[in-house]
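Asks: As input, take structure.txt (compact mmCIF, C-alpha atoms):
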```
# COMPACT_ATOMS: atom_id res chain seq x y z
CA MET A 1 -53.09 35.52 22.84
CA THR A 2 -54.37 31.95 22.79
CA THR A 3 -53.64 29.43 20.10
CA SER A 4 -55.78 26.42 19.56
CA PRO A 5 -54.34 23.05 18.69
CA ASP A 6 -56.39 23.18 15.50
CA HIS A 7 -54.76 26.46 14.49
CA LEU A 8 -51.24 25.03 15.14
CA ALA A 9 -51.99 21.94 13.06
CA LYS A 10 -53.18 24.12 10.17
CA ALA A 11 -50.06 26.31 10.38
CA ARG A 12 -47.82 23.23 10.41
CA ALA A 13 -49.66 21.72 7.42
CA ALA A 14 -49.33 24.99 5.51
CA ASP A 15 -45.60 25.16 6.26
CA SER A 16 -45.16 21.56 5.20
CA GLU A 17 -47.03 22.27 1.95
CA ARG A 18 -44.84 25.34 1.26
CA ARG A 19 -41.66 23.30 1.75
CA ARG A 20 -43.08 20.47 -0.38
CA SER A 21 -43.86 22.88 -3.22
CA ARG A 22 -40.34 24.42 -2.92
CA VAL A 23 -38.86 20.95 -3.28
CA LEU A 24 -40.94 20.19 -6.38
CA LYS A 25 -40.15 23.60 -7.88
CA ALA A 26 -36.41 23.11 -7.21
CA LEU A 27 -36.61 19.65 -8.75
CA ASP A 28 -38.20 21.06 -11.91
CA GLN A 29 -35.63 23.88 -12.07
CA LEU A 30 -32.64 21.49 -11.67
CA ALA A 31 -34.06 19.23 -14.38
CA ALA A 32 -34.63 22.18 -16.73
CA ASP A 33 -31.07 23.46 -16.15
CA GLY A 34 -29.60 19.99 -16.74
CA GLU A 35 -28.01 20.01 -13.27
CA GLU A 36 -27.26 16.94 -11.21
CA ILE A 37 -30.35 15.61 -9.52
CA SER A 38 -29.85 13.99 -6.15
CA VAL A 39 -31.58 14.27 -2.80
CA SER A 40 -28.81 16.54 -1.51
CA ALA A 41 -28.82 18.78 -4.59
CA VAL A 42 -32.62 19.19 -4.52
CA ALA A 43 -32.65 19.88 -0.77
CA ARG A 44 -29.89 22.46 -1.19
CA ALA A 45 -31.73 24.20 -4.06
CA ALA A 46 -35.04 24.19 -2.14
CA GLY A 47 -33.46 25.37 1.11
CA VAL A 48 -34.73 22.40 3.11
CA HIS A 49 -33.10 19.56 4.99
CA ARG A 50 -32.52 16.24 3.19
CA GLY A 51 -34.51 14.51 5.90
CA LEU A 52 -37.68 16.22 4.65
CA ILE A 53 -37.29 14.54 1.26
CA HIS A 54 -36.50 11.19 2.84
CA ARG A 55 -39.48 11.41 5.23
CA HIS A 56 -41.98 12.09 2.44
CA ASP A 57 -42.06 9.04 0.21
CA GLU A 58 -43.70 10.88 -2.71
CA LEU A 59 -40.93 13.53 -2.72
CA HIS A 60 -38.21 10.91 -2.48
CA ALA A 61 -39.77 8.90 -5.32
CA ALA A 62 -40.08 12.05 -7.46
CA VAL A 63 -36.38 12.87 -6.95
CA LEU A 64 -35.28 9.33 -7.78
CA ALA A 65 -37.53 9.20 -10.85
CA ARG A 66 -36.29 12.55 -12.15
CA ALA A 67 -32.65 11.51 -11.49
CA ALA A 68 -33.16 8.41 -13.65
CA GLU A 69 -34.50 10.48 -16.58
CA PRO A 70 -32.05 11.58 -19.27
CA PRO A 71 -31.11 15.26 -19.24
CA PRO A 72 -33.04 17.40 -21.72
CA GLY A 73 -31.52 17.62 -25.17
CA THR A 74 -29.84 14.21 -25.12
CA THR A 75 -30.70 11.34 -27.37
CA ALA A 76 -30.89 7.73 -26.30
CA SER A 77 -27.67 6.92 -28.15
CA THR A 78 -25.64 9.60 -26.34
CA GLN A 79 -27.20 9.09 -22.95
CA VAL A 80 -24.99 7.71 -20.21
CA SER A 81 -26.94 6.11 -17.44
CA ARG A 82 -26.20 6.62 -13.80
CA GLN A 83 -25.80 2.85 -13.41
CA SER A 84 -23.16 2.71 -16.12
CA LEU A 85 -21.27 5.58 -14.51
CA LEU A 86 -21.47 3.85 -11.13
CA ALA A 87 -20.20 0.65 -12.75
CA ASP A 88 -17.31 2.60 -14.30
CA VAL A 89 -16.47 4.11 -10.92
CA ALA A 90 -16.56 0.67 -9.27
CA ASN A 91 -14.33 -0.79 -12.00
CA LEU A 92 -11.85 2.08 -11.76
CA THR A 93 -11.79 1.83 -7.97
CA ALA A 94 -11.04 -1.90 -8.19
CA ARG A 95 -8.32 -1.26 -10.80
CA ASN A 96 -6.83 1.47 -8.61
CA SER A 97 -6.76 -0.96 -5.69
CA ARG A 98 -5.05 -3.65 -7.80
CA LEU A 99 -2.47 -1.17 -9.07
CA SER A 100 -1.82 0.07 -5.56
CA THR A 101 -1.23 -3.50 -4.37
CA HIS A 102 1.06 -4.16 -7.34
CA ILE A 103 3.05 -0.98 -6.66
CA THR A 104 3.44 -1.98 -3.01
CA ARG A 105 4.74 -5.40 -4.06
CA LEU A 106 7.20 -3.85 -6.54
CA GLU A 107 8.44 -1.36 -3.94
CA ARG A 108 9.03 -4.22 -1.48
CA ARG A 109 10.97 -6.21 -4.09
CA LEU A 110 13.04 -3.16 -5.04
CA SER A 111 13.81 -2.49 -1.40
CA GLU A 112 14.90 -6.09 -0.84
CA THR A 113 17.08 -6.07 -3.97
CA LEU A 114 18.73 -2.76 -3.08
CA GLY A 115 19.21 -3.91 0.50
CA GLN A 116 20.85 -7.15 -0.64
CA ALA A 117 23.13 -5.25 -3.03
CA ALA A 118 24.16 -2.84 -0.27
CA TRP A 119 24.73 -5.76 2.10
CA GLU A 120 27.00 -7.49 -0.39
CA ALA A 121 28.83 -4.26 -1.34
CA SER A 122 29.59 -3.55 2.31
CA GLY A 123 31.34 -6.90 2.67
CA LEU A 124 29.00 -8.01 5.40
CA GLY A 125 26.94 -10.28 3.18
CA ALA A 126 27.83 -13.76 1.99
CA PRO A 127 29.93 -13.77 -1.17
CA THR A 128 28.21 -14.85 -4.34
CA ASP A 129 30.58 -17.78 -5.13
CA VAL A 130 30.59 -19.71 -1.86
CA GLU A 131 31.70 -23.00 -3.41
CA THR A 132 34.91 -21.51 -4.84
CA LEU A 133 35.68 -19.84 -1.54
CA THR A 134 35.04 -23.08 0.37
CA ARG A 135 37.46 -24.92 -1.91
CA ARG A 136 40.05 -22.16 -1.41
CA VAL A 137 39.63 -22.33 2.38
CA THR A 138 40.20 -26.10 2.27
CA GLU A 139 43.38 -25.60 0.19
CA LEU A 140 44.66 -22.98 2.61
CA GLU A 141 43.92 -25.20 5.62
CA GLN A 142 45.89 -28.04 3.98
CA GLN A 143 48.74 -25.64 3.25
CA ILE A 144 48.75 -24.59 6.93
CA LEU A 145 48.93 -28.23 8.02
CA ASP A 146 51.83 -28.87 5.63
CA LEU A 147 53.68 -25.78 6.87
CA ARG A 148 53.18 -26.82 10.50
CA ALA A 149 54.57 -30.27 9.76
CA GLU A 150 57.57 -28.70 8.00
CA LEU A 151 58.05 -26.31 10.93
CA ALA A 152 57.95 -29.21 13.37
CA GLU A 153 60.64 -31.04 11.34
CA ARG A 154 62.83 -27.93 11.31
CA ASP A 155 62.31 -27.49 15.05
CA GLU A 156 63.51 -31.08 15.55
CA ASP A 157 66.50 -30.46 13.25
CA LEU A 158 67.28 -27.25 15.16
CA ALA A 159 67.02 -29.05 18.51
CA ALA A 160 69.33 -31.80 17.23
CA ALA A 161 71.80 -29.21 15.90
CA ARG A 162 71.80 -27.40 19.26
CA ALA A 163 72.37 -30.65 21.12
CA ALA A 164 75.27 -31.50 18.79
CA ASN A 165 76.66 -27.99 19.22
CA ARG A 166 76.50 -28.28 23.04
CA GLU A 167 78.24 -31.62 22.90
CA LEU A 168 81.01 -30.27 20.70
CA ILE A 169 81.50 -27.25 22.93
CA THR A 170 81.64 -29.52 25.96
CA GLN A 171 84.32 -31.67 24.32
CA VAL A 172 86.35 -28.64 23.29
CA ASN A 173 86.18 -27.24 26.80
CA ARG A 174 87.52 -30.42 28.43
```
Give the structure from this file in structure tokens form.
Replies:
Amino acid sequence: MTTSPDHLAKARAADSERRRSRVLKALDQLAADGEEISVSAVARAAGVHRGLIHRHDELHAAVLARAAEPPPGTTASTQVSRQSLLADVANLTARNSRLSTHITRLERRLSETLGQAAWEASGLGAPTDVETLTRRVTELEQQILDLRAELAERDEDLAAARAANRELITQVNR
């Protein structure tokens, strides 16, 4: 069995025409049913690869044109355009991102606040009234100095009393 190049070219052209007509028929059917019209949806309904629609400019243009048309049974006042829906999605995505950033900031602040409270409650953190405590430490240091001076005086008095006691005992023993 021999096949001529001319015969193969005709078979390929016929196959291409069959797939092209399936795409157009699927496009009409999706539009009539009010389904979503996109390159992927049309290719899926026609049983062809998306690349076929992208490679044929007239098919791609037909899909895009039909996707831009309002669904049947809608009036101009109730029609929502694809561009407005895409704008809404973009706005909601941006808002979601801002809220996510805000939540992250609030969680960080809460963590720092709880950490600081736990640090202070454990006694490891610096007290809240440092000035009062510094004043108290100064008072206690002064009191220690006064007590040491008093202790030194008493030590001298005790040493003098011991010396006098030794002298008296020495005189009694003689």
Asks: At a cut-off of 9 Å, using only C-alpha atoms, what residues contact range 13-29 of chain A? Leave out same-chain residues fewer than 4 positions from it and give the result as a count of residues only.
Replies: 21
Asks: At a cut-off of 10 Å, using all atoms listed in the file, what residues contact Ser81 in chain A? Leave out same-chain residues fewer than 4 positions from it and give the result as a PyMOL selection string.
Replies: chain A and resi 67-70+76+85-87
Asks: Go ahead and write the selection's residues with C-alpha atoms as a compact mmCIF listing (two decimals), in the frame of the given file.
Replies:
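Output (part-v5.txt):
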```txt
# COMPACT_ATOMS: atom_id res chain seq x y z
CA ALA A 67 -32.65 11.51 -11.49
CA ALA A 68 -33.16 8.41 -13.65
CA GLU A 69 -34.50 10.48 -16.58
CA PRO A 70 -32.05 11.58 -19.27
CA ALA A 76 -30.89 7.73 -26.30
CA LEU A 85 -21.27 5.58 -14.51
CA LEU A 86 -21.47 3.85 -11.13
CA ALA A 87 -20.20 0.65 -12.75
```
Asks: What's the separation between CA of Ala61 in chain A and CA of Val89 in chain A, in Å to one decimal place?
Replies: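 Distance between the two atoms: 24.4 Å.
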Asks: Please determine, counting all atoms listed in the file, which residue among A:Val137, A:Ala32, A:Ala94, A:Ala65 has the shortest atom-to-atom distance to Arg82 in chain A.
Replies: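 Once distances to Arg82 in chain A are computed over all atoms listed in the file, the minimum belongs to A:Ala65.
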